[in-house]
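Asker: Questions regarding the structure given below will be posed in turn.
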Amino acid sequence: MELKLDHYNKDGIEIVDVGGEIDVYTAPRLRELLIELVTQGHYRLVVNMEKVEFLDSTGLGVLVGGLKRVRAHDGSLDLVCTQERILKIFRITGLTKVFGIYETVDKAIEERKSER
Amino acid sequence: MTTVQVSFTPLPAHVRTARLIAVAVARRSGVDESLLDEVRLAVGEACSRAVEAHREQYPGEPVRVAFDSHDGRFEIEVANAGLVAPSGSGPASDPVAGAAAAPGFSLAVIAGLADDVRISESPAGTRVTMSWPLSGSLAAGSPA
């Protein structure tokens, strides 16, 4: 399944809905979107991965790159993911300690709003 | 015994095809359903590394993938010409600082998924060999 990308703003946080497969072929599109959002001044991002069917290390690299970009502006990039097969990749690579990973978009937003 | 060999032009689009074939052959060979996601991801990682190596150094050479089952194990070998670029800082150090360290993540993912991983590098190229156990009845040679 091809990568599907969408984004919208909720409570001042840009939500990026991702669906399908994030791999060496499709990850550049996600990278371009994250760069575009940061360029537009969106420094608080939540990437919703609930509809992601496949994620590889190229996708991880793109997410880490996005995190690096928003942190340069004191921003944040959190993830929404409850799928065990996706979470496993974050655990293997130790990235569960790097990203905030939440069960729902609303919980991710709540957490960020409480920090303000 | 199952032997399937695939070679493909080193383009990212073909990595997905290699993943699909890997799962199909693994299932037919008798790898437990619960391990198929791991096979799919590990093959994708190894093929991505190989494609990266070929695109930089040998764009005209195909990436070769071989699937085999013997001695109760399902084995996949991904071979590429040339060496894969150094993995940079990798996930063990600072993943945020090393944002472009996808090759480091790649090895970490493969090592975390496959039951048994061997990587051999020589001037001729790199071979990543991974294997998983076959389930009992099929490993013994019963029809699927």
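Residues in the structure tokens are numbered from 1 in each chain, the chains being A, B, ... in the order shown, and ligands are numbered from 1 in the order shown.
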Using only C-alpha atoms, which residues sit within 10 Å of Ala42 in chain B once same-chain residues fewer than 6 positions away are excluded, as a list in words?
Answerer: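 With the cut-off at 10 Å, the set is Asp56 of chain A; Arg19, Ala22, Leu36, Ser48, Ile76, Ser106, Leu107, Val109, Ile110, Ala111, Gly112, Leu113, Ala114 and Met130 of chain B.
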Asker: Going by DSSP on the backbone, which bits of chain A are alpha helix (DSSP H)? Write them as a short mmCIF file (atom, residue, chain, number, x, y, z; two decimals) with N, CA and C atoms, in the first residue's frame, please.
Answerer:
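Dumped everything to selection-v9.cif:
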data_model
loop_
_atom_site.label_atom_id
_atom_site.label_comp_id
_atom_site.auth_asym_id
_atom_site.auth_seq_id
_atom_site.Cartn_x
_atom_site.Cartn_y
_atom_site.Cartn_z
N ALA A 27 9.49 7.09 2.15
CA ALA A 27 9.90 7.98 3.24
C ALA A 27 10.27 9.39 2.78
N PRO A 28 10.87 9.55 1.58
CA PRO A 28 11.19 10.93 1.16
C PRO A 28 9.98 11.85 1.13
N ARG A 29 8.78 11.32 0.84
CA ARG A 29 7.58 12.16 0.83
C ARG A 29 7.24 12.66 2.21
N LEU A 30 7.39 11.79 3.22
CA LEU A 30 7.14 12.20 4.60
C LEU A 30 8.19 13.23 5.02
N ARG A 31 9.44 12.99 4.62
CA ARG A 31 10.51 13.94 4.95
C ARG A 31 10.19 15.33 4.39
N GLU A 32 9.75 15.35 3.12
CA GLU A 32 9.42 16.63 2.48
C GLU A 32 8.29 17.35 3.20
N LEU A 33 7.27 16.59 3.63
CA LEU A 33 6.14 17.21 4.33
C LEU A 33 6.60 17.80 5.67
N LEU A 34 7.40 17.05 6.42
CA LEU A 34 7.86 17.55 7.73
C LEU A 34 8.71 18.81 7.54
N ILE A 35 9.58 18.81 6.53
CA ILE A 35 10.41 19.99 6.26
C ILE A 35 9.52 21.18 5.88
N GLU A 36 8.51 20.90 5.06
CA GLU A 36 7.60 21.97 4.63
C GLU A 36 6.87 22.58 5.83
N LEU A 37 6.39 21.73 6.74
CA LEU A 37 5.65 22.22 7.90
C LEU A 37 6.55 23.08 8.79
N VAL A 38 7.78 22.61 9.00
CA VAL A 38 8.71 23.38 9.84
C VAL A 38 9.06 24.71 9.16
N THR A 39 9.24 24.67 7.85
CA THR A 39 9.53 25.90 7.10
C THR A 39 8.38 26.90 7.23
N SER A 57 13.67 1.39 8.89
CA SER A 57 14.64 2.31 9.48
C SER A 57 14.74 3.62 8.71
N THR A 58 14.42 3.59 7.42
CA THR A 58 14.42 4.84 6.67
C THR A 58 13.35 5.77 7.24
N GLY A 59 12.19 5.20 7.56
CA GLY A 59 11.13 5.98 8.18
C GLY A 59 11.54 6.51 9.54
N LEU A 60 12.23 5.66 10.31
CA LEU A 60 12.72 6.11 11.62
C LEU A 60 13.66 7.30 11.44
N GLY A 61 14.53 7.20 10.43
CA GLY A 61 15.48 8.29 10.17
C GLY A 61 14.76 9.60 9.84
N VAL A 62 13.66 9.50 9.10
CA VAL A 62 12.89 10.69 8.74
C VAL A 62 12.24 11.31 9.99
N LEU A 63 11.70 10.46 10.86
CA LEU A 63 11.06 10.96 12.08
C LEU A 63 12.10 11.62 12.99
N VAL A 64 13.26 10.98 13.11
CA VAL A 64 14.33 11.56 13.93
C VAL A 64 14.80 12.89 13.32
N GLY A 65 14.89 12.92 12.00
CA GLY A 65 15.26 14.17 11.33
C GLY A 65 14.24 15.27 11.60
N GLY A 66 12.96 14.92 11.59
CA GLY A 66 11.90 15.89 11.89
C GLY A 66 12.01 16.38 13.32
N LEU A 67 12.29 15.46 14.24
CA LEU A 67 12.44 15.83 15.66
C LEU A 67 13.60 16.82 15.83
N LYS A 68 14.67 16.53 15.12
CA LYS A 68 15.85 17.40 15.20
C LYS A 68 15.50 18.82 14.71
N ARG A 69 14.72 18.88 13.64
CA ARG A 69 14.37 20.19 13.08
C ARG A 69 13.48 21.00 14.03
N VAL A 70 12.46 20.35 14.62
CA VAL A 70 11.57 21.12 15.50
C VAL A 70 12.27 21.48 16.81
N ARG A 71 13.16 20.61 17.27
CA ARG A 71 13.89 20.93 18.51
C ARG A 71 14.80 22.14 18.33
N GLU A 84 1.55 -2.85 18.05
CA GLU A 84 2.72 -3.52 18.64
C GLU A 84 3.84 -3.72 17.62
N ARG A 85 3.48 -4.06 16.37
CA ARG A 85 4.55 -4.36 15.39
C ARG A 85 5.32 -3.10 15.00
N ILE A 86 4.68 -1.94 15.13
CA ILE A 86 5.37 -0.68 14.86
C ILE A 86 6.17 -0.26 16.09
N LEU A 87 5.55 -0.39 17.26
CA LEU A 87 6.23 -0.01 18.51
C LEU A 87 7.50 -0.83 18.71
N LYS A 88 7.47 -2.07 18.26
CA LYS A 88 8.63 -2.95 18.43
C LYS A 88 9.89 -2.36 17.78
N ILE A 89 9.71 -1.72 16.63
CA ILE A 89 10.86 -1.13 15.92
C ILE A 89 11.44 0.03 16.74
N PHE A 90 10.57 0.79 17.37
CA PHE A 90 11.05 1.89 18.22
C PHE A 90 11.80 1.35 19.43
N ARG A 91 11.30 0.23 19.97
CA ARG A 91 11.96 -0.36 21.14
C ARG A 91 13.34 -0.92 20.77
N ILE A 92 13.40 -1.63 19.64
CA ILE A 92 14.67 -2.24 19.21
C ILE A 92 15.76 -1.19 19.05
N VAL A 105 -4.37 10.98 19.55
CA VAL A 105 -3.97 12.34 19.20
C VAL A 105 -4.34 13.28 20.36
N ASP A 106 -5.52 13.10 20.93
CA ASP A 106 -5.95 13.98 22.02
C ASP A 106 -5.01 13.90 23.23
N LYS A 107 -4.55 12.70 23.55
CA LYS A 107 -3.62 12.57 24.69
C LYS A 107 -2.29 13.26 24.39
N ALA A 108 -1.85 13.18 23.16
CA ALA A 108 -0.59 13.85 22.78
C ALA A 108 -0.76 15.37 22.90
N ILE A 109 -1.90 15.86 22.44
CA ILE A 109 -2.15 17.31 22.50
C ILE A 109 -2.25 17.77 23.96
N GLU A 110 -2.99 16.99 24.77
CA GLU A 110 -3.15 17.33 26.20
C GLU A 110 -1.79 17.48 26.87
N GLU A 111 -0.90 16.52 26.59
CA GLU A 111 0.41 16.52 27.21
C GLU A 111 1.19 17.78 26.85
N ARG A 112 1.13 18.14 25.60
CA ARG A 112 1.87 19.34 25.14
C ARG A 112 1.24 20.61 25.69
N LYS A 113 -0.10 20.64 25.74
CA LYS A 113 -0.77 21.85 26.25
C LYS A 113 -0.46 22.06 27.73
N SER A 114 -0.33 20.95 28.46
CA SER A 114 -0.06 21.07 29.90
C SER A 114 1.34 21.62 30.17
N GLU A 115 2.21 21.56 29.16
CA GLU A 115 3.57 22.08 29.33
C GLU A 115 3.64 23.58 29.13
#
Asker: Looking only at the backbone, which of the residues in range 3-93 of chain A does DSSP tag as strand (DSSP E), as a ChimeraX atom specification?
Answerer: /A:4-10,13-22,44-55,76-80
Asker: Include N, CA and C atoms and write out the residues we just selected as a compact mmCIF listing (two decimals), in the first residue's frame.
Answerer:
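The resulting file, out_29.txt, is reproduced below:
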# COMPACT_ATOMS: atom_id res chain seq x y z
N LYS A 4 0.09 7.37 2.53
CA LYS A 4 -0.95 8.40 2.49
C LYS A 4 -0.63 9.44 3.55
N LEU A 5 -0.65 10.70 3.16
CA LEU A 5 -0.30 11.78 4.08
C LEU A 5 -1.40 12.83 4.10
N ASP A 6 -1.69 13.33 5.31
CA ASP A 6 -2.64 14.42 5.45
C ASP A 6 -2.21 15.20 6.69
N HIS A 7 -2.60 16.45 6.76
CA HIS A 7 -2.28 17.19 7.99
C HIS A 7 -3.32 18.27 8.26
N TYR A 8 -3.50 18.57 9.54
CA TYR A 8 -4.45 19.60 9.96
C TYR A 8 -3.99 20.17 11.29
N ASN A 9 -4.57 21.32 11.63
CA ASN A 9 -4.17 21.97 12.88
C ASN A 9 -5.25 21.78 13.93
N LYS A 10 -4.82 21.42 15.13
CA LYS A 10 -5.76 21.29 16.25
C LYS A 10 -5.11 21.89 17.49
N ILE A 13 -1.50 22.80 17.37
CA ILE A 13 -0.53 21.74 17.09
C ILE A 13 -0.85 21.13 15.73
N GLU A 14 0.15 20.95 14.91
CA GLU A 14 -0.07 20.39 13.57
C GLU A 14 -0.07 18.86 13.67
N ILE A 15 -1.18 18.28 13.26
CA ILE A 15 -1.32 16.82 13.30
C ILE A 15 -1.03 16.28 11.90
N VAL A 16 -0.12 15.32 11.82
CA VAL A 16 0.20 14.70 10.53
C VAL A 16 -0.33 13.27 10.56
N ASP A 17 -1.34 13.02 9.74
CA ASP A 17 -1.88 11.66 9.64
C ASP A 17 -1.11 10.88 8.58
N VAL A 18 -0.56 9.74 8.98
CA VAL A 18 0.22 8.94 8.05
C VAL A 18 -0.44 7.56 7.92
N GLY A 19 -0.58 7.09 6.69
CA GLY A 19 -1.14 5.76 6.48
C GLY A 19 -0.35 5.00 5.44
N GLY A 20 -0.42 3.69 5.47
CA GLY A 20 0.27 2.87 4.47
C GLY A 20 1.67 2.47 4.89
N GLU A 21 2.57 2.43 3.94
CA GLU A 21 3.93 1.92 4.20
C GLU A 21 4.96 3.05 4.14
N ILE A 22 5.77 3.14 5.19
CA ILE A 22 6.88 4.10 5.21
C ILE A 22 8.15 3.29 5.04
N ARG A 44 5.37 22.51 16.55
CA ARG A 44 4.77 21.50 17.43
C ARG A 44 4.00 20.52 16.55
N LEU A 45 4.54 19.33 16.43
CA LEU A 45 3.97 18.35 15.52
C LEU A 45 3.58 17.08 16.27
N VAL A 46 2.48 16.48 15.83
CA VAL A 46 2.10 15.14 16.30
C VAL A 46 1.93 14.27 15.05
N VAL A 47 2.70 13.21 14.95
CA VAL A 47 2.58 12.31 13.80
C VAL A 47 1.72 11.12 14.22
N ASN A 48 0.53 11.04 13.62
CA ASN A 48 -0.40 9.97 13.94
C ASN A 48 -0.11 8.75 13.06
N MET A 49 0.41 7.69 13.68
CA MET A 49 0.83 6.52 12.92
C MET A 49 -0.13 5.34 13.05
N GLU A 50 -1.34 5.62 13.48
CA GLU A 50 -2.29 4.53 13.71
C GLU A 50 -2.64 3.76 12.43
N LYS A 51 -2.51 4.40 11.27
CA LYS A 51 -2.84 3.71 10.02
C LYS A 51 -1.60 3.29 9.24
N VAL A 52 -0.45 3.33 9.91
CA VAL A 52 0.78 2.89 9.26
C VAL A 52 0.83 1.36 9.29
N GLU A 53 1.05 0.77 8.13
CA GLU A 53 1.08 -0.70 8.03
C GLU A 53 2.49 -1.25 8.06
N PHE A 54 3.45 -0.39 7.70
CA PHE A 54 4.84 -0.86 7.67
C PHE A 54 5.75 0.34 7.90
N LEU A 55 6.76 0.14 8.74
CA LEU A 55 7.74 1.21 9.02
C LEU A 55 9.11 0.57 9.06
N SER A 76 8.43 20.41 19.31
CA SER A 76 8.29 19.01 19.72
C SER A 76 7.72 18.20 18.55
N LEU A 77 8.05 16.93 18.54
CA LEU A 77 7.44 15.99 17.58
C LEU A 77 7.09 14.74 18.36
N ASP A 78 5.80 14.55 18.56
CA ASP A 78 5.32 13.36 19.29
C ASP A 78 4.67 12.39 18.32
N LEU A 79 4.53 11.16 18.76
CA LEU A 79 3.94 10.13 17.91
C LEU A 79 2.68 9.56 18.56
N VAL A 80 1.75 9.15 17.72
CA VAL A 80 0.58 8.40 18.20
C VAL A 80 0.67 7.02 17.58
Asker: Under the rule that only C-alpha atoms are counted, which of B:Asp115, B:Pro10, B:Arg28, B:Gly125 is the nearest residue to Glu52 in chain B?
Answerer: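 The closest residue to Glu52 in chain B is B:Pro10.
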Asker: Can you pull out the residues contacting Ala13 in chain B? Cut-off 12 Å, using only C-alpha atoms, and skip same-chain residues under 3 positions away; I want them as a list in words.
Answerer: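 Listing them by chain and then by number gives Met1, Glu2, Glu21, Ile22, Asp23, Val24, Tyr25, Thr26 and Ala27 of chain A; Phe8, Thr9, Pro10, Arg16, Thr17, Ala18, Arg19, Gly44, Cys47, Ser48 and Val51 of chain B.
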Asker: Mind pulling up the distance from CA of Glu77 in chain B to CA of Val25 in chain B?
Answerer: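 Atom-to-atom, CA of Val25 in chain B to CA of Glu77 in chain B, that is 13.1 Å.
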Asker: Select, from A:Gly94, A:Leu3, A:Phe99, A:Thr104, the residue with the minimum atom-to-atom distance to chain B, counting only C-alpha atoms.
Answerer: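 Residue with the minimum atom-to-atom distance to chain B: A:Gly94.
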